[in-house]
There are 2 protein chains.
Amino acid sequence: MDGMSQEVSPSAERMPTIRDIAERAGVATSTVSRALSNPQRVNARTREKIERIAAELHYVPSTQARGLSSGRTGVIAVLVPDITNPFYFDIIRGTQYQLKASGYTQLLVDTEEATDVELDTLRKLRRSTDGVILAASRLTDQQLTDTAARQPLVTINRATADAPTVLIDTPGAMVQALEHLASFGHKSVVYAGGPTSSWSNHRRWKAIEEAAARRGMTATRLGPYAPTALSGAAAADGALGTRATSVIAFNDLLAIGMLQRFRERGVRVPEDVSIVGCDDIFGADFCNPPLTTISSPIEQAGRVAVSMLMAQLDPIRGGTPRKLAVMPTHLKVRASTGPAPS
Amino acid sequence: MDGMSQEVSPSAERMPTIRDIAERAGVATSTVSRALSNPQRVNARTREKIERIAAELHYVPSTQARGLSSGRTGVIAVLVPDITNPFYFDIIRGTQYQLKASGYTQLLVDTEEATDVELDTLRKLRRSTDGVILAASRLTDQQLTDTAARQPLVTINRATADAPTVLIDTPGAMVQALEHLASFGHKSVVYAGGPTSSWSNHRRWKAIEEAAARRGMTATRLGPYAPTALSGAAAADGALGTRATSVIAFNDLLAIGMLQRFRERGVRVPEDVSIVGCDDIFGADFCNPPLTTISSPIEQAGRVAVSMLMAQLDPIRGGTPRKLAVMPTHLKVRASTGPAPS
DNA sequence: AACAATACGGCAAGCGATTGCCAAAAGTTG
DNA sequence: CAACTTTTGGCAATCGCTTGCCGTATTGTT
């Protein structure tokens, strides 16, 4: 008995390498490498033998070594401003799903709504990823251009000339929302704006401003507010100050926060004020009242972003990469909007 | 002009390596390596010079190469059963925050509530990560033991003898919930159970069963239900069949789904039936009615898990690793619970 | 002043794969 | 059957960085 020599610490036994396999199989390491990652390059019998031994040894290739020599890492980074914002769940879901299907690993990073964190992360990731998907980037045009020149990139909800983009057509739906409100007799609307550095925020406001002008409605812009339920209180109070009868919020988080604040202050929704959110996040359907909001196939946006990135990484198989994909949106009418108070 | 030779594709220019820096600085690569990752090992003047050159060149070390030679990857994987379940947001937030502070990169993986995906991921990750945090693992005890023997591991909400664990004391709060219901005169409670493979699920039921027995209440177990709002409909219908006056749900997702279903069916909450959730997720405070639920410092659980893992990875600095941390919980009473119908 | 200790930098051997190049073996063809 | 092509496998260089081992240069100790 030599039970004393037992090793307890994890990963004590050295991991098998292609060399171990090569020795056992009586071939060179190059053959093992080919058998495992380029099967048709090697004789079927040899390959089977190698595969069997690899399985016996519980061989797992080292992504590090593979990446070092091949130049590819098999990792795609997905950067989102705030991981706890439910809007990004579905995007993340979509990218994760599609990346997995393409044999890539997803590296998820929360950039904390901060430009410098985003920039810094991007820099660090340049070496260790094959590409990145940038959701709702807070970067300036110049920064984005520079970044796109340095690493394969796809943006979501942020148009650039330099990188493929997936756009969710919320501005289009904002117009629908406005018409919906107009049909209820609302003459005035306030837009509870999001972060100044958000590109979508500007687009949404522009769309509302224009559509309101066309319809002879008064549109007021408030904010910026942080895109969180907490900020909803400030936004609600601000909206009340304008005496507008309806509000469109930058996103559902903000809208839900406003809903809560209105309730606290005894303002009835939709009797006294109508409110429209944006994104149709988790919770929009069960808040009180359920929120009229702008819905879109967000998970699909994530999937599309991945496929655009894949096309960029492998231009041969991917064909001419699409430079722009626009996801359709539609207004989902629930109970937070109603006739204007008379 | 030789504008023709311009390269357009991203990452066209070769990335600078320590060799480039070494040449420019007139030192050996080993010195550069030390200056950058072991600063006190090299003379201050040399180091500064190297750092300056590195900055000029926009040098980014290759994590691949670093990992290959050092054996450490700087990556910690966090595995969660379902990335879109809001419960995990805060955990993820917590781990992300703490990992970043410790200089690690977080690799987030969704195991799709599937044991085999979990196992497979774990295997692949063995080579490419320094450790893993396993939230609400669906593995069997045996599988968990094997895994813990192979790679540094910390579990959340799943006790093992073989790995440090962070437990959220929901069973304790279940007792509180039961007493809360009892004080309202409820004589019967149904537990809308979660996935069979969930360890927490069993613990929660055990706690309820015992506490109910002590108090002379009738406790019925229903399920298993998928821990999603969608399954809430089935759970609600099931609960109605038992004629119990109160229900405790496996988690808030399920509880919120039940809330919606009860509303559809004209069952009033809490007048006809009281309902208690678990986790206090995003949405629990603004659903209709706001949900009485079990709350805990979840983000902190994530942070604690990371620090336990760090202690495991570096036993010298980390001191004797704690094997168990229990996060306190408490009942958060909102409007979904009330007096038993007479 | 003689000796020991310490600081600093270089050499070179890896880490575990991939891959271009080459030679031997096997298969084709007229 | 000779000449040629295709398969198949091996050799060895690389990828970029870390690190053990050594030789000097510098500083400190009696």
# chains A, B, ... in the order shown; residues from 1 in each chain; ligands from 1

$ closest_atom_pairs --of "chain C" --to "chain A" --cutoff "12 Å" --atoms "only C-alpha atoms (C1' of nucleotides)" --output "tab-separated table"
residue	atom	partner	partner_atom	distance
C:DC15	C1'	A:Ala65	CA	7.8
C:DG16	C1'	A:Ala65	CA	4.9
C:DA17	C1'	A:Ala65	CA	4.7
C:DT18	C1'	A:Ser69	CA	5.3
C:DT19	C1'	A:Ser70	CA	8.7
C:DG20	C1'	A:Ser30	CA	11.9
C:DA26	C1'	A:Asn43	CA	12.0

$ write_last_selection --atoms "N, CA and C atoms (P, O5', C5', C4', C3', O3' and C1' of nucleotides)" --output "PDB file, in the first residue's frame"
ATOM      1  P    DC C  15       7.513  21.231 -21.585  1.00  0.00           P
ATOM      2  O5'  DC C  15       6.205  22.131 -21.644  1.00  0.00           O
ATOM      3  C5'  DC C  15       5.808  22.939 -20.551  1.00  0.00           C
ATOM      4  C4'  DC C  15       4.685  23.825 -21.018  1.00  0.00           C
ATOM      5  C3'  DC C  15       3.794  23.138 -22.053  1.00  0.00           C
ATOM      6  O3'  DC C  15       2.610  22.687 -21.411  1.00  0.00           O
ATOM      7  C1'  DC C  15       4.392  25.388 -22.717  1.00  0.00           C
ATOM      8  P    DG C  16       2.172  21.178 -21.672  1.00  0.00           P
ATOM      9  O5'  DG C  16       1.396  21.314 -23.058  1.00  0.00           O
ATOM     10  C5'  DG C  16       0.251  22.142 -23.107  1.00  0.00           C
ATOM     11  C4'  DG C  16      -0.168  22.310 -24.544  1.00  0.00           C
ATOM     12  C3'  DG C  16      -0.334  20.997 -25.302  1.00  0.00           C
ATOM     13  O3'  DG C  16      -1.561  21.069 -25.989  1.00  0.00           O
ATOM     14  C1'  DG C  16       1.058  22.460 -26.506  1.00  0.00           C
ATOM     15  P    DA C  17      -2.181  19.820 -26.683  1.00  0.00           P
ATOM     16  O5'  DA C  17      -1.663  20.041 -28.184  1.00  0.00           O
ATOM     17  C5'  DA C  17      -2.604  20.323 -29.181  1.00  0.00           C
ATOM     18  C4'  DA C  17      -2.399  21.710 -29.741  1.00  0.00           C
ATOM     19  C3'  DA C  17      -2.410  21.711 -31.266  1.00  0.00           C
ATOM     20  O3'  DA C  17      -3.653  22.196 -31.714  1.00  0.00           O
ATOM     21  C1'  DA C  17      -0.513  22.910 -30.369  1.00  0.00           C
ATOM     22  P    DT C  18      -4.084  21.841 -33.212  1.00  0.00           P
ATOM     23  O5'  DT C  18      -3.118  22.755 -34.095  1.00  0.00           O
ATOM     24  C5'  DT C  18      -3.304  24.155 -34.069  1.00  0.00           C
ATOM     25  C4'  DT C  18      -2.366  24.789 -35.061  1.00  0.00           C
ATOM     26  C3'  DT C  18      -2.594  24.364 -36.513  1.00  0.00           C
ATOM     27  O3'  DT C  18      -2.497  25.554 -37.281  1.00  0.00           O
ATOM     28  C1'  DT C  18      -0.347  24.010 -35.928  1.00  0.00           C
ATOM     29  P    DT C  19      -3.122  25.604 -38.742  1.00  0.00           P
ATOM     30  O5'  DT C  19      -1.827  25.487 -39.671  1.00  0.00           O
ATOM     31  C5'  DT C  19      -0.700  26.283 -39.358  1.00  0.00           C
ATOM     32  C4'  DT C  19       0.455  25.894 -40.269  1.00  0.00           C
ATOM     33  C3'  DT C  19       0.049  25.246 -41.601  1.00  0.00           C
ATOM     34  O3'  DT C  19       0.946  25.700 -42.588  1.00  0.00           O
ATOM     35  C1'  DT C  19       1.513  23.832 -40.469  1.00  0.00           C
ATOM     36  P    DG C  20       0.411  25.921 -44.057  1.00  0.00           P
ATOM     37  O5'  DG C  20       1.793  26.147 -44.828  1.00  0.00           O
ATOM     38  C5'  DG C  20       2.776  27.018 -44.260  1.00  0.00           C
ATOM     39  C4'  DG C  20       4.170  26.513 -44.617  1.00  0.00           C
ATOM     40  C3'  DG C  20       4.293  25.989 -46.051  1.00  0.00           C
ATOM     41  O3'  DG C  20       5.594  26.287 -46.547  1.00  0.00           O
ATOM     42  C1'  DG C  20       4.746  24.236 -44.535  1.00  0.00           C
ATOM     43  P    DA C  26       2.218   0.883 -48.941  1.00  0.00           P
ATOM     44  O5'  DA C  26       1.094   1.508 -49.871  1.00  0.00           O
ATOM     45  C5'  DA C  26       0.271   2.550 -49.329  1.00  0.00           C
ATOM     46  C4'  DA C  26      -0.594   3.105 -50.440  1.00  0.00           C
ATOM     47  C3'  DA C  26      -1.171   2.039 -51.372  1.00  0.00           C
ATOM     48  O3'  DA C  26      -2.571   2.249 -51.468  1.00  0.00           O
ATOM     49  C1'  DA C  26      -0.100   3.739 -52.627  1.00  0.00           C
TER      50       DA C  26
END

$ residues_around --residues "region 222-230 of chain B" --least-positions-apart "4" --cutoff "10 Å" --atoms "only C-alpha atoms (C1' of nucleotides)" --output "PyMOL selection string"
chain B and resi 82+84-85+113+190-197+201+234-235+238-239+242+249-261

$ closest_atom_pairs --of "chain D" --to "chain A" --cutoff "8 Å" --atoms "only C-alpha atoms (C1' of nucleotides)" --output "tab-separated table"
residue	atom	partner	partner_atom	distance
D:DT8	C1'	A:Val42	CA	6.3
D:DG9	C1'	A:Thr31	CA	6.5
D:DG10	C1'	A:Ala28	CA	6.3
D:DT14	C1'	A:Ser69	CA	7.1
D:DC15	C1'	A:Ser69	CA	4.5
D:DG16	C1'	A:Leu68	CA	7.5

$ write_last_selection --atoms "N, CA and C atoms (P, O5', C5', C4', C3', O3' and C1' of nucleotides)" --output "PDB file, in the first residue's frame"
ATOM      1  P    DT D   8      -5.400   8.947 -47.410  1.00  0.00           P
ATOM      2  O5'  DT D   8      -4.005   8.962 -46.649  1.00  0.00           O
ATOM      3  C5'  DT D   8      -3.191   7.789 -46.678  1.00  0.00           C
ATOM      4  C4'  DT D   8      -1.893   8.050 -45.968  1.00  0.00           C
ATOM      5  C3'  DT D   8      -2.033   8.646 -44.570  1.00  0.00           C
ATOM      6  O3'  DT D   8      -1.474   7.725 -43.663  1.00  0.00           O
ATOM      7  C1'  DT D   8      -0.326   9.729 -45.803  1.00  0.00           C
ATOM      8  P    DG D   9      -1.681   7.954 -42.076  1.00  0.00           P
ATOM      9  O5'  DG D   9      -0.246   8.522 -41.693  1.00  0.00           O
ATOM     10  C5'  DG D   9       0.878   7.656 -41.833  1.00  0.00           C
ATOM     11  C4'  DG D   9       2.148   8.459 -41.660  1.00  0.00           C
ATOM     12  C3'  DG D   9       2.248   9.195 -40.317  1.00  0.00           C
ATOM     13  O3'  DG D   9       3.423   8.771 -39.658  1.00  0.00           O
ATOM     14  C1'  DG D   9       2.799  10.640 -42.139  1.00  0.00           C
ATOM     15  P    DG D  10       3.865   9.350 -38.254  1.00  0.00           P
ATOM     16  O5'  DG D  10       5.143  10.179 -38.704  1.00  0.00           O
ATOM     17  C5'  DG D  10       6.155   9.506 -39.447  1.00  0.00           C
ATOM     18  C4'  DG D  10       7.301  10.446 -39.722  1.00  0.00           C
ATOM     19  C3'  DG D  10       7.781  11.219 -38.491  1.00  0.00           C
ATOM     20  O3'  DG D  10       9.198  11.311 -38.546  1.00  0.00           O
ATOM     21  C1'  DG D  10       7.088  12.754 -40.172  1.00  0.00           C
ATOM     22  P    DT D  14      11.692  29.508 -37.835  1.00  0.00           P
ATOM     23  O5'  DT D  14      10.544  29.804 -36.816  1.00  0.00           O
ATOM     24  C5'  DT D  14       9.534  28.917 -36.763  1.00  0.00           C
ATOM     25  C4'  DT D  14       8.168  29.536 -36.704  1.00  0.00           C
ATOM     26  C3'  DT D  14       8.024  30.619 -35.654  1.00  0.00           C
ATOM     27  O3'  DT D  14       7.118  31.601 -36.096  1.00  0.00           O
ATOM     28  C1'  DT D  14       6.837  28.653 -34.996  1.00  0.00           C
ATOM     29  P    DC D  15       7.178  33.071 -35.465  1.00  0.00           P
ATOM     30  O5'  DC D  15       5.848  33.123 -34.607  1.00  0.00           O
ATOM     31  C5'  DC D  15       4.585  32.775 -35.176  1.00  0.00           C
ATOM     32  C4'  DC D  15       3.594  32.589 -34.059  1.00  0.00           C
ATOM     33  C3'  DC D  15       3.906  33.483 -32.860  1.00  0.00           C
ATOM     34  O3'  DC D  15       3.056  34.608 -32.889  1.00  0.00           O
ATOM     35  C1'  DC D  15       3.426  31.204 -32.206  1.00  0.00           C
ATOM     36  P    DG D  16       3.717  36.018 -32.629  1.00  0.00           P
ATOM     37  O5'  DG D  16       3.771  36.105 -31.035  1.00  0.00           O
ATOM     38  C5'  DG D  16       2.564  36.059 -30.318  1.00  0.00           C
ATOM     39  C4'  DG D  16       2.876  35.958 -28.850  1.00  0.00           C
ATOM     40  C3'  DG D  16       3.856  37.009 -28.326  1.00  0.00           C
ATOM     41  O3'  DG D  16       3.291  37.558 -27.155  1.00  0.00           O
ATOM     42  C1'  DG D  16       4.582  34.851 -27.717  1.00  0.00           C
TER      43       DG D  16
END

$ residues_around --residues "region 142-150 of chain A" --least-positions-apart "4" --cutoff "12 Å" --atoms "only C-alpha atoms (C1' of nucleotides)" --output "PDB file with N, CA and C atoms, in the first residue's frame"
ATOM      1  N   THR A 115     -17.675  54.759 -21.178  1.00  0.00           N
ATOM      2  CA  THR A 115     -16.886  54.783 -22.401  1.00  0.00           C
ATOM      3  C   THR A 115     -15.474  54.250 -22.186  1.00  0.00           C
ATOM      4  N   ASP A 116     -14.860  54.668 -21.097  1.00  0.00           N
ATOM      5  CA  ASP A 116     -13.469  54.260 -20.904  1.00  0.00           C
ATOM      6  C   ASP A 116     -13.330  52.781 -20.583  1.00  0.00           C
ATOM      7  N   GLU A 118     -15.288  50.570 -21.718  1.00  0.00           N
ATOM      8  CA  GLU A 118     -15.545  49.943 -23.006  1.00  0.00           C
ATOM      9  C   GLU A 118     -14.273  49.941 -23.854  1.00  0.00           C
ATOM     10  N   LEU A 119     -13.644  51.072 -23.910  1.00  0.00           N
ATOM     11  CA  LEU A 119     -12.442  51.242 -24.717  1.00  0.00           C
ATOM     12  C   LEU A 119     -11.313  50.352 -24.206  1.00  0.00           C
ATOM     13  N   ASP A 120     -11.183  50.340 -22.907  1.00  0.00           N
ATOM     14  CA  ASP A 120     -10.122  49.572 -22.281  1.00  0.00           C
ATOM     15  C   ASP A 120     -10.323  48.077 -22.521  1.00  0.00           C
ATOM     16  N   THR A 121     -11.571  47.655 -22.350  1.00  0.00           N
ATOM     17  CA  THR A 121     -11.902  46.259 -22.579  1.00  0.00           C
ATOM     18  C   THR A 121     -11.595  45.866 -24.013  1.00  0.00           C
ATOM     19  N   LEU A 122     -11.996  46.701 -24.905  1.00  0.00           N
ATOM     20  CA  LEU A 122     -11.788  46.448 -26.323  1.00  0.00           C
ATOM     21  C   LEU A 122     -10.306  46.254 -26.613  1.00  0.00           C
ATOM     22  N   ARG A 123      -9.500  47.069 -26.007  1.00  0.00           N
ATOM     23  CA  ARG A 123      -8.068  47.000 -26.229  1.00  0.00           C
ATOM     24  C   ARG A 123      -7.510  45.667 -25.718  1.00  0.00           C
ATOM     25  N   LYS A 124      -7.891  45.321 -24.502  1.00  0.00           N
ATOM     26  CA  LYS A 124      -7.407  44.076 -23.923  1.00  0.00           C
ATOM     27  C   LYS A 124      -7.867  42.865 -24.722  1.00  0.00           C
ATOM     28  N   LEU A 125      -9.072  42.996 -25.241  1.00  0.00           N
ATOM     29  CA  LEU A 125      -9.656  41.859 -25.933  1.00  0.00           C
ATOM     30  C   LEU A 125      -9.083  41.654 -27.326  1.00  0.00           C
ATOM     31  N   ARG A 126      -8.386  42.643 -27.807  1.00  0.00           N
ATOM     32  CA  ARG A 126      -7.940  42.583 -29.186  1.00  0.00           C
ATOM     33  C   ARG A 126      -7.125  41.332 -29.441  1.00  0.00           C
ATOM     34  N   ARG A 127      -6.318  40.986 -28.472  1.00  0.00           N
ATOM     35  CA  ARG A 127      -5.441  39.854 -28.634  1.00  0.00           C
ATOM     36  C   ARG A 127      -6.138  38.524 -28.389  1.00  0.00           C
ATOM     37  N   THR A 129      -9.433  37.625 -28.559  1.00  0.00           N
ATOM     38  CA  THR A 129     -10.697  37.224 -29.182  1.00  0.00           C
ATOM     39  C   THR A 129     -10.577  37.339 -30.702  1.00  0.00           C
ATOM     40  N   ASP A 130     -11.470  36.655 -31.380  1.00  0.00           N
ATOM     41  CA  ASP A 130     -11.464  36.722 -32.843  1.00  0.00           C
ATOM     42  C   ASP A 130     -12.341  37.855 -33.352  1.00  0.00           C
ATOM     43  N   GLY A 131     -13.166  38.383 -32.457  1.00  0.00           N
ATOM     44  CA  GLY A 131     -14.045  39.459 -32.892  1.00  0.00           C
ATOM     45  C   GLY A 131     -14.917  39.897 -31.740  1.00  0.00           C
ATOM     46  N   VAL A 132     -15.597  41.009 -31.922  1.00  0.00           N
ATOM     47  CA  VAL A 132     -16.465  41.450 -30.846  1.00  0.00           C
ATOM     48  C   VAL A 132     -17.791  42.001 -31.350  1.00  0.00           C
ATOM     49  N   ILE A 133     -18.794  41.781 -30.528  1.00  0.00           N
ATOM     50  CA  ILE A 133     -20.119  42.321 -30.802  1.00  0.00           C
ATOM     51  C   ILE A 133     -20.377  43.388 -29.752  1.00  0.00           C
ATOM     52  N   LEU A 134     -20.684  44.561 -30.242  1.00  0.00           N
ATOM     53  CA  LEU A 134     -20.770  45.720 -29.377  1.00  0.00           C
ATOM     54  C   LEU A 134     -22.226  46.160 -29.315  1.00  0.00           C
ATOM     55  N   ALA A 136     -25.158  48.544 -28.126  1.00  0.00           N
ATOM     56  CA  ALA A 136     -25.407  49.897 -27.614  1.00  0.00           C
ATOM     57  C   ALA A 136     -24.130  50.581 -27.151  1.00  0.00           C
ATOM     58  N   SER A 137     -23.181  50.641 -28.051  1.00  0.00           N
ATOM     59  CA  SER A 137     -21.885  51.218 -27.701  1.00  0.00           C
ATOM     60  C   SER A 137     -21.995  52.677 -27.288  1.00  0.00           C
ATOM     61  N   ARG A 138     -21.160  53.032 -26.305  1.00  0.00           N
ATOM     62  CA  ARG A 138     -21.125  54.416 -25.832  1.00  0.00           C
ATOM     63  C   ARG A 138     -19.947  55.161 -26.450  1.00  0.00           C
ATOM     64  N   VAL A 154     -18.974  43.905 -34.913  1.00  0.00           N
ATOM     65  CA  VAL A 154     -20.342  44.145 -35.352  1.00  0.00           C
ATOM     66  C   VAL A 154     -21.013  44.947 -34.253  1.00  0.00           C
ATOM     67  N   THR A 155     -21.745  45.964 -34.629  1.00  0.00           N
ATOM     68  CA  THR A 155     -22.425  46.749 -33.616  1.00  0.00           C
ATOM     69  C   THR A 155     -23.920  46.442 -33.629  1.00  0.00           C
ATOM     70  N   ARG A 158     -26.288  50.795 -33.186  1.00  0.00           N
ATOM     71  CA  ARG A 158     -25.320  51.876 -33.310  1.00  0.00           C
ATOM     72  C   ARG A 158     -24.732  51.801 -34.712  1.00  0.00           C
ATOM     73  N   ALA A 159     -25.166  52.691 -35.585  1.00  0.00           N
ATOM     74  CA  ALA A 159     -24.708  52.626 -36.967  1.00  0.00           C
ATOM     75  C   ALA A 159     -23.313  53.195 -37.117  1.00  0.00           C
ATOM     76  N   THR A 160     -22.520  52.562 -37.942  1.00  0.00           N
ATOM     77  CA  THR A 160     -21.203  53.063 -38.309  1.00  0.00           C
ATOM     78  C   THR A 160     -20.987  52.756 -39.775  1.00  0.00           C
ATOM     79  N   ALA A 161     -20.178  53.553 -40.391  1.00  0.00           N
ATOM     80  CA  ALA A 161     -19.828  53.253 -41.768  1.00  0.00           C
ATOM     81  C   ALA A 161     -18.796  52.135 -41.793  1.00  0.00           C
ATOM     82  N   ASP A 162     -18.097  51.952 -40.681  1.00  0.00           N
ATOM     83  CA  ASP A 162     -16.936  51.078 -40.686  1.00  0.00           C
ATOM     84  C   ASP A 162     -17.184  49.653 -40.228  1.00  0.00           C
ATOM     85  N   ALA A 163     -18.362  49.396 -39.733  1.00  0.00           N
ATOM     86  CA  ALA A 163     -18.613  48.041 -39.266  1.00  0.00           C
ATOM     87  C   ALA A 163     -20.058  47.664 -39.551  1.00  0.00           C
ATOM     88  N   PRO A 164     -20.287  46.379 -39.783  1.00  0.00           N
ATOM     89  CA  PRO A 164     -21.660  45.921 -39.977  1.00  0.00           C
ATOM     90  C   PRO A 164     -22.479  46.242 -38.728  1.00  0.00           C
ATOM     91  N   THR A 165     -23.742  46.466 -38.931  1.00  0.00           N
ATOM     92  CA  THR A 165     -24.584  46.908 -37.835  1.00  0.00           C
ATOM     93  C   THR A 165     -25.936  46.210 -37.862  1.00  0.00           C
ATOM     94  N   LEU A 309     -20.922  38.698 -38.097  1.00  0.00           N
ATOM     95  CA  LEU A 309     -19.522  38.637 -37.675  1.00  0.00           C
ATOM     96  C   LEU A 309     -18.823  37.436 -38.304  1.00  0.00           C
ATOM     97  N   GLN A 312     -17.791  38.105 -41.664  1.00  0.00           N
ATOM     98  CA  GLN A 312     -16.641  38.985 -41.691  1.00  0.00           C
ATOM     99  C   GLN A 312     -15.354  38.193 -41.423  1.00  0.00           C
TER     100      GLN A 312
ATOM    101  N   GLU B   7      -3.703  48.439 -46.665  1.00  0.00           N
ATOM    102  CA  GLU B   7      -4.429  47.262 -46.181  1.00  0.00           C
ATOM    103  C   GLU B   7      -5.726  47.725 -45.522  1.00  0.00           C
ATOM    104  N   VAL B   8      -6.825  47.116 -45.899  1.00  0.00           N
ATOM    105  CA  VAL B   8      -8.082  47.547 -45.306  1.00  0.00           C
ATOM    106  C   VAL B   8      -8.568  46.645 -44.184  1.00  0.00           C
ATOM    107  N   SER B   9      -8.287  45.363 -44.340  1.00  0.00           N
ATOM    108  CA  SER B   9      -8.843  44.422 -43.372  1.00  0.00           C
ATOM    109  C   SER B   9      -8.380  44.724 -41.951  1.00  0.00           C
ATOM    110  N   PRO B  10      -9.258  44.499 -40.983  1.00  0.00           N
ATOM    111  CA  PRO B  10      -8.917  44.784 -39.595  1.00  0.00           C
ATOM    112  C   PRO B  10      -7.727  43.939 -39.164  1.00  0.00           C
ATOM    113  N   SER B  11      -7.058  44.391 -38.164  1.00  0.00           N
ATOM    114  CA  SER B  11      -5.927  43.693 -37.565  1.00  0.00           C
ATOM    115  C   SER B  11      -4.919  43.274 -38.619  1.00  0.00           C
ATOM    116  N   ALA B  12      -4.734  44.131 -39.629  1.00  0.00           N
ATOM    117  CA  ALA B  12      -3.807  43.810 -40.694  1.00  0.00           C
ATOM    118  C   ALA B  12      -2.373  43.878 -40.183  1.00  0.00           C
ATOM    119  N   GLU B  13      -2.067  44.955 -39.488  1.00  0.00           N
ATOM    120  CA  GLU B  13      -0.701  45.110 -38.999  1.00  0.00           C
ATOM    121  C   GLU B  13      -0.453  44.084 -37.893  1.00  0.00           C
ATOM    122  N   ARG B  14       0.681  43.469 -37.947  1.00  0.00           N
ATOM    123  CA  ARG B  14       1.020  42.479 -36.950  1.00  0.00           C
ATOM    124  C   ARG B  14       1.082  43.150 -35.574  1.00  0.00           C
ATOM    125  N   MET B  15       0.592  42.453 -34.602  1.00  0.00           N
ATOM    126  CA  MET B  15       0.600  43.020 -33.269  1.00  0.00           C
ATOM    127  C   MET B  15       2.003  43.017 -32.696  1.00  0.00           C
ATOM    128  N   HIS B  58       1.435  50.455 -28.231  1.00  0.00           N
ATOM    129  CA  HIS B  58       0.099  49.933 -27.913  1.00  0.00           C
ATOM    130  C   HIS B  58       0.171  48.432 -27.688  1.00  0.00           C
TER     131      HIS B  58
END

$ residues_around --residues "Asp90 (chain A)" --least-positions-apart "6" --cutoff "10 Å" --atoms "only C-alpha atoms (C1' of nucleotides)" --output "list in words"
Gln96, Ile281, Phe282, Pro297, Ile298, Glu299, Gln300, Ala301, Gly302 and Arg303 of chain A; Ile83 and Thr84 of chain B

$ select_by_dssp --residues "region 153-316 of chain A" --states "alpha helix (DSSP H)" --output "VMD selection string"
chain A and resid 170 to 183 199 to 215 232 to 242 252 to 264 298 to 313 315 to 316

$ closest_residue --among "A:Thr218, A:Ser200, A:Ser188, A:Asn288" --to "chain B" --atoms "only C-alpha atoms"
A:Asn288

$ atom_distance --atom1 "CA of Leu167 (chain A)" --atom2 "CA of Val276 (chain A)"
20.4 Å

$ atom_distance --atom1 "CA of Ala340 (chain A)" --atom2 "CA of Phe87 (chain A)"
29.2 Å

$ residues_around --residues "His330 (chain B)" --least-positions-apart "3" --cutoff "6 Å" --atoms "only C-alpha atoms (C1' of nucleotides)" --output "list in words"
Ala173, Ile294 and Ser295 of chain B

$ write_last_selection --atoms "N, CA and C atoms" --output "JSON list (two decimals), in the first residue's frame"
[["chain", "number", "residue", "atom", "x", "y", "z"],
["B", 173, "ALA", "N", -35.71, 30.99, 5.51],
["B", 173, "ALA", "CA", -36.75, 31.98, 5.27],
["B", 173, "ALA", "C", -38.09, 31.33, 4.93],
["B", 294, "ILE", "N", -38.90, 36.06, -0.66],
["B", 294, "ILE", "CA", -37.73, 35.88, 0.19],
["B", 294, "ILE", "C", -36.54, 36.56, -0.45],
["B", 295, "SER", "N", -35.98, 37.46, 0.32],
["B", 295, "SER", "CA", -34.93, 38.32, -0.22],
["B", 295, "SER", "C", -33.58, 37.98, 0.40]]

$ closest_residue --among "B:Val166, B:Ile91, B:Ala35, B:Cys287" --to "chain A" --atoms "only C-alpha atoms"
B:Cys287

$ residues_around --residues "Lys332 (chain B)" --least-positions-apart "2" --cutoff "10 Å" --atoms "only C-alpha atoms (C1' of nucleotides)" --output "list in words"
Ala173, Ala177, Val276, Gly277, Cys278, Asp279, Asp280, Asp285, Leu291, Thr292, Thr293, Ile294, Ser295, Ser296, Thr329, His330, Arg334 and Ala335 of chain B

$ atom_distance --atom1 "CA of Arg322 (chain B)" --atom2 "CA of Glu112 (chain B)"
29.5 Å

$ closest_residue --among "B:Gly283, B:Gly185, B:Pro39, B:Gly74" --to "chain A" --atoms "only C-alpha atoms"
B:Gly283

$ closest_residue --among "A:Pro328, A:Pro289, A:Pro339, A:Pro81" --to "chain B" --atoms "only C-alpha atoms"
A:Pro289
